[in-house]
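The file upload-v3.pdb contains PDB, C-alpha atoms and all ligand atoms:
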```pdb
ATOM      1  CA  MET Y  30     -22.847  10.556  -6.255  1.00  0.00           C
ATOM      2  CA  GLU Y  31     -23.391   6.815  -6.094  1.00  0.00           C
ATOM      3  CA  ARG Y  32     -22.406   4.890  -9.185  1.00  0.00           C
ATOM      4  CA  SER Y  33     -24.556   1.941 -10.149  1.00  0.00           C
ATOM      5  CA  ASP Y  34     -21.539   0.189 -11.722  1.00  0.00           C
ATOM      6  CA  CYS Y  35     -19.307   0.593  -8.646  1.00  0.00           C
ATOM      7  CA  ALA Y  36     -18.768  -2.348  -6.299  1.00  0.00           C
ATOM      8  CA  PHE Y  37     -18.065  -0.048  -3.351  1.00  0.00           C
ATOM      9  CA  CYS Y  38     -21.000   2.332  -3.934  1.00  0.00           C
ATOM     10  CA  LYS Y  39     -23.215  -0.750  -4.078  1.00  0.00           C
ATOM     11  CA  LEU Y  40     -21.562  -2.648  -1.227  1.00  0.00           C
ATOM     12  CA  PRO Y  41     -24.237  -4.957   0.265  1.00  0.00           C
ATOM     13  CA  GLU Y  42     -25.312  -4.065   3.784  1.00  0.00           C
ATOM     14  CA  LYS Y  43     -24.226  -7.506   5.093  1.00  0.00           C
ATOM     15  CA  ARG Y  44     -20.589  -6.710   4.140  1.00  0.00           C
ATOM     16  CA  ILE Y  45     -20.445  -3.432   6.055  1.00  0.00           C
ATOM     17  CA  VAL Y  46     -18.659  -3.775   9.382  1.00  0.00           C
ATOM     18  CA  TYR Y  47     -18.982  -0.175  10.489  1.00  0.00           C
ATOM     19  CA  ARG Y  48     -20.533   2.966   9.089  1.00  0.00           C
ATOM     20  CA  GLY Y  49     -19.238   6.417  10.018  1.00  0.00           C
ATOM     21  CA  GLU Y  50     -20.425   9.855   8.932  1.00  0.00           C
ATOM     22  CA  TYR Y  51     -18.099  10.022   5.908  1.00  0.00           C
ATOM     23  CA  ALA Y  52     -16.890   6.457   5.452  1.00  0.00           C
ATOM     24  CA  LYS Y  53     -17.789   2.797   5.695  1.00  0.00           C
ATOM     25  CA  VAL Y  54     -15.555  -0.111   6.626  1.00  0.00           C
ATOM     26  CA  ALA Y  55     -15.635  -3.609   5.100  1.00  0.00           C
ATOM     27  CA  TYR Y  56     -13.348  -6.616   4.933  1.00  0.00           C
ATOM     28  CA  SER Y  57     -11.654  -7.240   1.599  1.00  0.00           C
ATOM     29  CA  LEU Y  58     -13.231 -10.137  -0.311  1.00  0.00           C
ATOM     30  CA  TRP Y  59      -9.708 -11.090  -1.401  1.00  0.00           C
ATOM     31  CA  PRO Y  60      -7.828 -10.595   1.869  1.00  0.00           C
ATOM     32  CA  ILE Y  61      -4.046 -10.778   1.748  1.00  0.00           C
ATOM     33  CA  GLU Y  62      -4.036 -11.424   5.516  1.00  0.00           C
ATOM     34  CA  ASN Y  63      -6.712 -12.358   8.048  1.00  0.00           C
ATOM     35  CA  TYR Y  64      -8.949  -9.396   8.962  1.00  0.00           C
ATOM     36  CA  HIS Y  65      -7.634  -7.282   6.055  1.00  0.00           C
ATOM     37  CA  PHE Y  66     -10.137  -4.432   5.978  1.00  0.00           C
ATOM     38  CA  MET Y  67     -10.756  -1.278   3.963  1.00  0.00           C
ATOM     39  CA  SER Y  68     -12.111   2.111   4.913  1.00  0.00           C
ATOM     40  CA  ILE Y  69     -14.090   3.554   2.019  1.00  0.00           C
ATOM     41  CA  PRO Y  70     -15.325   7.140   1.680  1.00  0.00           C
ATOM     42  CA  LYS Y  71     -19.100   7.408   1.156  1.00  0.00           C
ATOM     43  CA  ARG Y  72     -18.600   9.637  -1.841  1.00  0.00           C
ATOM     44  CA  HIS Y  73     -17.409   8.019  -5.077  1.00  0.00           C
ATOM     45  CA  VAL Y  74     -13.988   9.497  -5.832  1.00  0.00           C
ATOM     46  CA  GLU Y  75     -10.922   7.901  -7.365  1.00  0.00           C
ATOM     47  CA  LEU Y  76      -8.180  10.028  -5.822  1.00  0.00           C
ATOM     48  CA  LEU Y  77      -7.404  11.443  -2.400  1.00  0.00           C
ATOM     49  CA  SER Y  78      -7.156  14.940  -3.887  1.00  0.00           C
ATOM     50  CA  GLU Y  79     -10.894  14.830  -4.685  1.00  0.00           C
ATOM     51  CA  LEU Y  80     -11.858  14.558  -1.010  1.00  0.00           C
ATOM     52  CA  LYS Y  81     -12.482  17.334   1.503  1.00  0.00           C
ATOM     53  CA  PRO Y  82     -10.328  17.322   4.671  1.00  0.00           C
ATOM     54  CA  GLU Y  83     -13.285  16.215   6.830  1.00  0.00           C
ATOM     55  CA  GLU Y  84     -13.859  13.240   4.523  1.00  0.00           C
ATOM     56  CA  ILE Y  85     -10.209  12.197   4.820  1.00  0.00           C
ATOM     57  CA  LEU Y  86     -10.484  12.468   8.586  1.00  0.00           C
ATOM     58  CA  GLY Y  87     -13.720  10.449   8.387  1.00  0.00           C
ATOM     59  CA  ILE Y  88     -11.931   7.594   6.586  1.00  0.00           C
ATOM     60  CA  PHE Y  89      -9.446   7.308   9.438  1.00  0.00           C
ATOM     61  CA  GLU Y  90     -12.007   7.808  12.218  1.00  0.00           C
ATOM     62  CA  ALA Y  91     -14.073   4.892  10.884  1.00  0.00           C
ATOM     63  CA  ALA Y  92     -10.975   2.761  10.347  1.00  0.00           C
ATOM     64  CA  LEU Y  93      -9.701   3.341  13.870  1.00  0.00           C
ATOM     65  CA  LYS Y  94     -12.943   1.978  15.363  1.00  0.00           C
ATOM     66  CA  VAL Y  95     -12.453  -1.291  13.477  1.00  0.00           C
ATOM     67  CA  ASN Y  96      -8.663  -1.234  13.884  1.00  0.00           C
ATOM     68  CA  GLU Y  97      -9.104  -1.429  17.641  1.00  0.00           C
ATOM     69  CA  VAL Y  98     -11.371  -4.486  17.426  1.00  0.00           C
ATOM     70  CA  VAL Y  99      -9.205  -6.260  14.833  1.00  0.00           C
ATOM     71  CA  SER Y 100      -6.158  -5.776  17.081  1.00  0.00           C
ATOM     72  CA  VAL Y 101      -7.940  -7.835  19.727  1.00  0.00           C
ATOM     73  CA  LEU Y 102      -9.418 -10.428  17.337  1.00  0.00           C
ATOM     74  CA  ASN Y 103      -6.215 -11.002  15.377  1.00  0.00           C
ATOM     75  CA  GLY Y 104      -3.783 -10.537  18.254  1.00  0.00           C
ATOM     76  CA  THR Y 105      -1.650  -7.861  16.633  1.00  0.00           C
ATOM     77  CA  LYS Y 106      -1.453  -4.104  16.878  1.00  0.00           C
ATOM     78  CA  TYR Y 107       0.719  -3.852  13.766  1.00  0.00           C
ATOM     79  CA  PHE Y 108      -0.732  -2.915  10.381  1.00  0.00           C
ATOM     80  CA  ASN Y 109       0.262  -1.769   6.927  1.00  0.00           C
ATOM     81  CA  THR Y 110      -1.986   1.120   5.973  1.00  0.00           C
ATOM     82  CA  LEU Y 111      -1.967   2.024   2.321  1.00  0.00           C
ATOM     83  CA  LEU Y 112      -4.015   3.299  -0.574  1.00  0.00           C
ATOM     84  CA  ASN Y 113      -3.588   2.896  -4.302  1.00  0.00           C
ATOM     85  CA  GLN Y 114      -4.369   5.977  -6.348  1.00  0.00           C
ATOM     86  CA  GLY Y 115      -5.059   5.292 -10.017  1.00  0.00           C
ATOM     87  CA  PRO Y 116      -4.445   2.365 -12.383  1.00  0.00           C
ATOM     88  CA  ALA Y 117      -0.684   2.992 -12.629  1.00  0.00           C
ATOM     89  CA  ALA Y 118      -0.541   2.515  -8.862  1.00  0.00           C
ATOM     90  CA  GLY Y 119      -2.504  -0.728  -9.157  1.00  0.00           C
ATOM     91  CA  GLN Y 120      -5.930   0.536  -8.058  1.00  0.00           C
ATOM     92  CA  THR Y 121      -8.482  -2.036  -9.265  1.00  0.00           C
ATOM     93  CA  VAL Y 122     -11.732  -0.563  -7.886  1.00  0.00           C
ATOM     94  CA  PRO Y 123     -11.886   3.088  -8.993  1.00  0.00           C
ATOM     95  CA  HIS Y 124     -13.542   4.140  -5.719  1.00  0.00           C
ATOM     96  CA  LEU Y 125     -10.837   5.262  -3.311  1.00  0.00           C
ATOM     97  CA  HIS Y 126     -10.267   2.964  -0.330  1.00  0.00           C
ATOM     98  CA  VAL Y 127      -7.619   2.731   2.361  1.00  0.00           C
ATOM     99  CA  HIS Y 128      -6.359  -0.775   3.156  1.00  0.00           C
ATOM    100  CA  PHE Y 129      -5.545  -1.886   6.687  1.00  0.00           C
ATOM    101  CA  VAL Y 130      -3.518  -5.107   6.620  1.00  0.00           C
ATOM    102  CA  PRO Y 131      -2.796  -6.665  10.022  1.00  0.00           C
ATOM    103  CA  ARG Y 132       0.760  -7.986  10.169  1.00  0.00           C
ATOM    104  CA  LEU Y 133       2.264 -10.803  12.210  1.00  0.00           C
ATOM    105  CA  ASP Y 134       5.910 -11.753  12.636  1.00  0.00           C
ATOM    106  CA  GLY Y 135       7.114 -14.048   9.835  1.00  0.00           C
ATOM    107  CA  ASP Y 136       3.889 -13.816   7.835  1.00  0.00           C
ATOM    108  CA  LEU Y 137       5.780 -13.534   4.526  1.00  0.00           C
ATOM    109  CA  LYS Y 138       7.495 -16.886   4.806  1.00  0.00           C
ATOM    110  CA  ASP Y 139       4.809 -18.785   2.860  1.00  0.00           C
ATOM    111  CA  SER Y 140       3.666 -16.039   0.500  1.00  0.00           C
ATOM    112  CA  PRO Y 141       2.866 -17.155  -3.086  1.00  0.00           C
ATOM    113  CA  LEU Y 142       6.073 -15.762  -4.577  1.00  0.00           C
ATOM    114  CA  VAL Y 143       8.182 -17.544  -1.942  1.00  0.00           C
ATOM    115  CA  GLN Y 144       6.427 -20.797  -2.770  1.00  0.00           C
ATOM    116  CA  VAL Y 145       7.231 -20.348  -6.465  1.00  0.00           C
ATOM    117  CA  VAL Y 146      10.872 -19.609  -5.665  1.00  0.00           C
ATOM    118  CA  ARG Y 147      11.056 -22.709  -3.431  1.00  0.00           C
ATOM    119  CA  GLY Y 148       9.496 -24.815  -6.183  1.00  0.00           C
ATOM    120  CA  VAL Y 149      12.077 -23.666  -8.724  1.00  0.00           C
ATOM    121  CA  LYS Y 150      14.873 -24.286  -6.198  1.00  0.00           C
ATOM    122  CA  LEU Y 151      13.655 -27.865  -5.689  1.00  0.00           C
ATOM    123  CA  LEU Y 152      13.673 -28.350  -9.443  1.00  0.00           C
ATOM    124  CA  PHE Y 153      17.225 -27.021  -9.676  1.00  0.00           C
ATOM    125  CA  ASN Y 154      18.397 -29.271  -6.864  1.00  0.00           C
ATOM    126  CA  THR Y 155      17.442 -32.300  -8.929  1.00  0.00           C
ATOM    127  CA  THR Y 156      19.562 -31.154 -11.852  1.00  0.00           C
ATOM    128  CA  SER Y 157      23.309 -31.406 -12.089  1.00  0.00           C
ATOM    129  CA  VAL Y 158      23.580 -28.880 -14.892  1.00  0.00           C
ATOM    130  CA  GLU Y 159      26.489 -26.617 -13.996  1.00  0.00           C
ATOM    131  CA  SER Y 160      24.930 -23.541 -15.568  1.00  0.00           C
ATOM    132  CA  ALA Y 161      22.153 -23.741 -12.945  1.00  0.00           C
ATOM    133  CA  GLU Y 162      24.592 -22.958 -10.104  1.00  0.00           C
ATOM    134  CA  PRO Y 163      24.561 -19.126 -10.350  1.00  0.00           C
ATOM    135  CA  LEU Y 164      20.768 -19.230 -10.647  1.00  0.00           C
ATOM    136  CA  LYS Y 165      20.539 -21.145  -7.358  1.00  0.00           C
ATOM    137  CA  SER Y 166      22.194 -18.327  -5.451  1.00  0.00           C
ATOM    138  CA  GLU Y 167      20.005 -15.807  -7.287  1.00  0.00           C
ATOM    139  CA  LEU Y 168      16.951 -17.716  -6.066  1.00  0.00           C
ATOM    140  CA  ASP Y 169      18.297 -17.755  -2.490  1.00  0.00           C
ATOM    141  CA  PHE Y 170      18.673 -13.992  -2.762  1.00  0.00           C
ATOM    142  CA  ILE Y 171      15.122 -13.550  -4.099  1.00  0.00           C
ATOM    143  CA  GLU Y 172      13.746 -15.694  -1.256  1.00  0.00           C
ATOM    144  CA  GLU Y 173      15.639 -13.592   1.283  1.00  0.00           C
ATOM    145  CA  LEU Y 174      14.345 -10.412  -0.357  1.00  0.00           C
ATOM    146  CA  VAL Y 175      10.666 -11.365  -0.498  1.00  0.00           C
ATOM    147  CA  THR Y 176      10.478 -12.769   3.036  1.00  0.00           C
ATOM    148  CA  ASP Y 177      11.887  -9.568   4.548  1.00  0.00           C
ATOM    149  CA  PRO Y 178       9.070  -7.268   5.767  1.00  0.00           C
ATOM    150  CA  THR Y 179      11.447  -4.344   6.358  1.00  0.00           C
ATOM    151  CA  GLY Y 180      10.227  -1.157   4.752  1.00  0.00           C
ATOM    152  CA  GLY Y 181       6.586  -2.314   4.596  1.00  0.00           C
ATOM    153  CA  VAL Y 182       4.789  -0.246   1.973  1.00  0.00           C
ATOM    154  CA  ARG Y 183       8.129   0.609   0.322  1.00  0.00           C
ATOM    155  CA  ASN Y 184       7.809  -2.934  -1.067  1.00  0.00           C
ATOM    156  CA  VAL Y 185       5.077  -1.828  -3.477  1.00  0.00           C
ATOM    157  CA  ILE Y 186       8.111  -1.586  -5.729  1.00  0.00           C
ATOM    158  CA  PRO Y 187       9.145  -5.218  -5.116  1.00  0.00           C
ATOM    159  CA  GLY Y 188      12.477  -5.597  -3.364  1.00  0.00           C
ATOM    160  CA  MET Y 189      12.803  -1.892  -2.529  1.00  0.00           C
ATOM    161  CA  GLY Y 190      11.974  -2.216   1.155  1.00  0.00           C
ATOM    162  CA  ASN Y 191      15.264  -2.704   2.953  1.00  0.00           C
ATOM    163  CA  TYR Y 192      17.516   0.171   1.955  1.00  0.00           C
ATOM    164  CA  LYS Y 193      19.890  -0.495   4.839  1.00  0.00           C
ATOM    165  CA  LYS Y 194      20.615  -4.112   3.938  1.00  0.00           C
ATOM    166  CA  TYR Y 195      20.604  -3.643   0.150  1.00  0.00           C
ATOM    167  CA  PRO Y 196      22.083  -0.180  -0.498  1.00  0.00           C
ATOM    168  CA  GLU Y 197      23.261  -1.405  -3.899  1.00  0.00           C
ATOM    169  CA  LEU Y 198      19.644  -2.020  -4.936  1.00  0.00           C
ATOM    170  CA  ILE Y 199      18.288   1.170  -3.404  1.00  0.00           C
ATOM    171  CA  PRO Y 200      21.020   3.791  -3.515  1.00  0.00           C
ATOM    172  CA  LYS Y 201      20.692   6.933  -1.396  1.00  0.00           C
ATOM    173  CA  ARG Y 202      19.698   9.875  -3.611  1.00  0.00           C
ATOM    174  CA  GLU Y 203      20.282  12.941  -1.479  1.00  0.00           C
ATOM    175  CA  GLU Y 204      21.054  15.137  -4.492  1.00  0.00           C
ATOM    176  CA  ASP Y 205      17.681  14.338  -6.094  1.00  0.00           C
ATOM    177  CA  VAL Y 206      15.900  14.810  -2.772  1.00  0.00           C
ATOM    178  CA  MET Y 207      17.340  18.301  -2.389  1.00  0.00           C
ATOM    179  CA  LYS Y 208      16.376  19.148  -5.982  1.00  0.00           C
ATOM    180  CA  TRP Y 209      12.772  18.002  -5.399  1.00  0.00           C
ATOM    181  CA  THR Y 210      12.669  19.934  -2.114  1.00  0.00           C
ATOM    182  CA  ASP Y 211      13.837  23.166  -3.767  1.00  0.00           C
ATOM    183  CA  GLU Y 212      11.431  22.780  -6.720  1.00  0.00           C
ATOM    184  CA  THR Y 213       8.468  22.054  -4.457  1.00  0.00           C
ATOM    185  CA  ARG Y 214       9.223  24.893  -2.046  1.00  0.00           C
ATOM    186  CA  LYS Y 215       9.521  27.290  -4.990  1.00  0.00           C
ATOM    187  CA  VAL Y 216       6.080  26.341  -6.379  1.00  0.00           C
ATOM    188  CA  LEU Y 217       4.495  26.467  -2.900  1.00  0.00           C
ATOM    189  CA  ARG Y 218       5.963  29.966  -2.356  1.00  0.00           C
ATOM    190  CA  GLU Y 219       4.662  31.131  -5.747  1.00  0.00           C
ATOM    191  CA  LYS Y 220       1.207  29.724  -4.995  1.00  0.00           C
ATOM    192  CA  ALA Y 221       1.162  31.511  -1.622  1.00  0.00           C
ATOM    193  CA  ILE Y 222       2.163  34.806  -3.261  1.00  0.00           C
ATOM    194  CA  ALA Y 223      -0.382  34.325  -6.062  1.00  0.00           C
ATOM    195  CA  SER Y 224      -3.185  33.703  -3.583  1.00  0.00           C
ATOM    196  CA  GLN Y 225      -2.400  37.000  -1.824  1.00  0.00           C
ATOM    197  CA  SER Y 226      -2.111  39.081  -4.966  1.00  0.00           C
ATOM    198  CA  LYS Y 227      -4.037  39.808  -8.104  1.00  0.00           C
ATOM    199  CA  VAL Y 228      -0.783  40.129 -10.055  1.00  0.00           C
ATOM    200  CA  PRO Y 229       0.028  36.870 -11.897  1.00  0.00           C
ATOM    201  CA  VAL Y 230       3.276  35.226 -10.770  1.00  0.00           C
ATOM    202  CA  ARG Y 231       5.650  33.964 -13.450  1.00  0.00           C
TER     203      ARG Y 231
HETATM  204 ZN    ZN Y 301     -18.164   4.047  -5.959  1.00  0.00          ZN
END
```
Would you mind giving the structure from this file in structure tokens?
Amino acid sequence: MERSDCAFCKLPEKRIVYRGEYAKVAYSLWPIENYHFMSIPKRHVELLSELKPEEILGIFEAALKVNEVVSVLNGTKYFNTLLNQGPAAGQTVPHLHVHFVPRLDGDLKDSPLVQVVRGVKLLFNTTSVESAEPLKSELDFIEELVTDPTGGVRNVIPGMGNYKKYPELIPKREEDVMKWTDETRKVLREKAIASQSKVPVR
């Protein structure tokens, strides 16, 4: 169902780049990179789990048509592809959409956060206060961290992208991983058994 209060249900025709059977594609009005586009399911849903498999496929089919053109226009075949599900994940328009952000080498070097860090560093360089010294190296570290594209979407938790370079920030958690794997397998097995039987599984 279309929602009259939803920006994506009511997307003006002039903004629509491509329309597929299940999804439409438009450029973000607040692009974080040139040609940053979104593939939006026709149906108003907030979460991926509310879509049928053919609708999910439709989102990617539509996106790939535009992806191919953007690769030529923007001169890169590299993208971050991501979707935010729910307010806790930072979703601002409650109509699911998948972002496609074209990426170029070194494109983080002038990002807003880097500019702030550089500004503060300049300020510190004009002061001779000794207590500023440890902060200067902290700022160098932050600049290094936020200009490093390694890990891509892992950086939605800022600084968590490069687990190889910063193992102290992002420790390996094999024990937890095995626990989650066992738990998940157990529930999946129970669900499979339950679906084959009328006897409730405990
Ligand atoms: Zn909507």
Starting from the PyMOL selection byres (((chain Y and resi 134) around 10) and not hetatm), expand the selection into actual residues of this file and give them as a PyMOL selection string. chain Y and resi 105+107+132-133+135-138+178
Using all atoms listed in the file, which of Y:Ala36, Y:Val146, Y:Leu125, Y:Ile45 sits nearest Ile69 in chain Y? Y:Leu125
Taking the file above as input, evaluate the PyMOL selection byres (((not hetatm)) within 12 of (chain Y and resi 301)) and report the hits as a PyMOL selection string. chain Y and resi 30-40+52-53+69-76+121-126
Mind giving me the axis-aligned box for range 54-69 of chain Y with 8 Å on every side, centre plus edges in Å to one decimal, as JSON?
```
{"center_x": -9.8, "center_y": -4.4, "center_z": 3.8, "size_x": 27.6, "size_y": 31.9, "size_z": 26.4}
```
Residue with smallest distance to Val130 in chain Y - pool Y:Leu198, Y:Val206, Y:Leu168, Y:Ala92, counting all atoms listed in the file: Y:Ala92
Using only C-alpha atoms: which of Y:Asn96, Y:Ser157, Y:Asn109, Y:Asn103 has the shortest distance to Thr179 in chain Y: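 That would be Y:Asn109, the residue with the smallest distance to Thr179 in chain Y.
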Which is closest to Tyr56 in chain Y among Y:Pro131, Y:Thr156, Y:Ser78, Y:Pro116, if we use all atoms listed in the file? Y:Pro131
Separation of CA of Pro41 in chain Y and CA of Ile85 in chain Y, in Å?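 Value for the CA of Pro41 in chain Y-CA of Ile85 in chain Y distance: 22.6 Å.
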Distance CA of Val54 in chain Y-CA of Asn113 in chain Y, one decimal place? 16.5 Å
Measuring atom to atom with all atoms listed in the file, identify which of Y:Ile88, Y:Val143, Y:Val95, Y:Leu77 is nearest to Gln114 in chain Y. Y:Leu77
Do you know which residues are at most 12 Å from Ile186 in chain Y counting only C-alpha atoms, after dropping those on the same chain fewer than 6 positions away, and could you put them as a list of chain:residue names?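 Using only C-alpha atoms, the neighbours found are Y:Ala118, Y:Gly119, Y:Val175, Y:Gly180, Y:Leu198, Y:Ile199.
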With C-alpha atoms retained, export the selected residues as a PDB file, in the coordinates of the input.
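Contents of selection.pdb, freshly written:
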```pdb
ATOM      1  CA  ALA Y 118      -0.541   2.515  -8.862  1.00  0.00           C
ATOM      2  CA  GLY Y 119      -2.504  -0.728  -9.157  1.00  0.00           C
ATOM      3  CA  VAL Y 175      10.666 -11.365  -0.498  1.00  0.00           C
ATOM      4  CA  GLY Y 180      10.227  -1.157   4.752  1.00  0.00           C
ATOM      5  CA  LEU Y 198      19.644  -2.020  -4.936  1.00  0.00           C
ATOM      6  CA  ILE Y 199      18.288   1.170  -3.404  1.00  0.00           C
TER       7      ILE Y 199
END
```
Residues within 10 Å of Ile171 in chain Y, please, as a ChimeraX atom specification. Count all atoms listed in the file; anything in the same chain fewer than 5 positions from it doesn't count. /Y:142-143,146,165-166,176,188
Could you dump the residues just selected with C-alpha atoms as a short mmCIF file (atom, residue, chain, number, x, y, z; two decimals), keeping the file's coordinate frame?
```
data_model
loop_
_atom_site.label_atom_id
_atom_site.label_comp_id
_atom_site.auth_asym_id
_atom_site.auth_seq_id
_atom_site.Cartn_x
_atom_site.Cartn_y
_atom_site.Cartn_z
CA LEU Y 142 6.07 -15.76 -4.58
CA VAL Y 143 8.18 -17.54 -1.94
CA VAL Y 146 10.87 -19.61 -5.66
CA LYS Y 165 20.54 -21.14 -7.36
CA SER Y 166 22.19 -18.33 -5.45
CA THR Y 176 10.48 -12.77 3.04
CA GLY Y 188 12.48 -5.60 -3.36
#
```
What is the distance, in Å and to one decimal place, between CA of Met189 in chain Y and CA of Glu172 in chain Y?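 Going from CA of Met189 in chain Y over to CA of Glu172 in chain Y covers 13.9 Å.
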For Ser57 in chain Y, which of Y:Leu93, Y:Lys227, Y:Asn191, Y:Val127 is the closest residue, counting all atoms listed in the file? Y:Val127
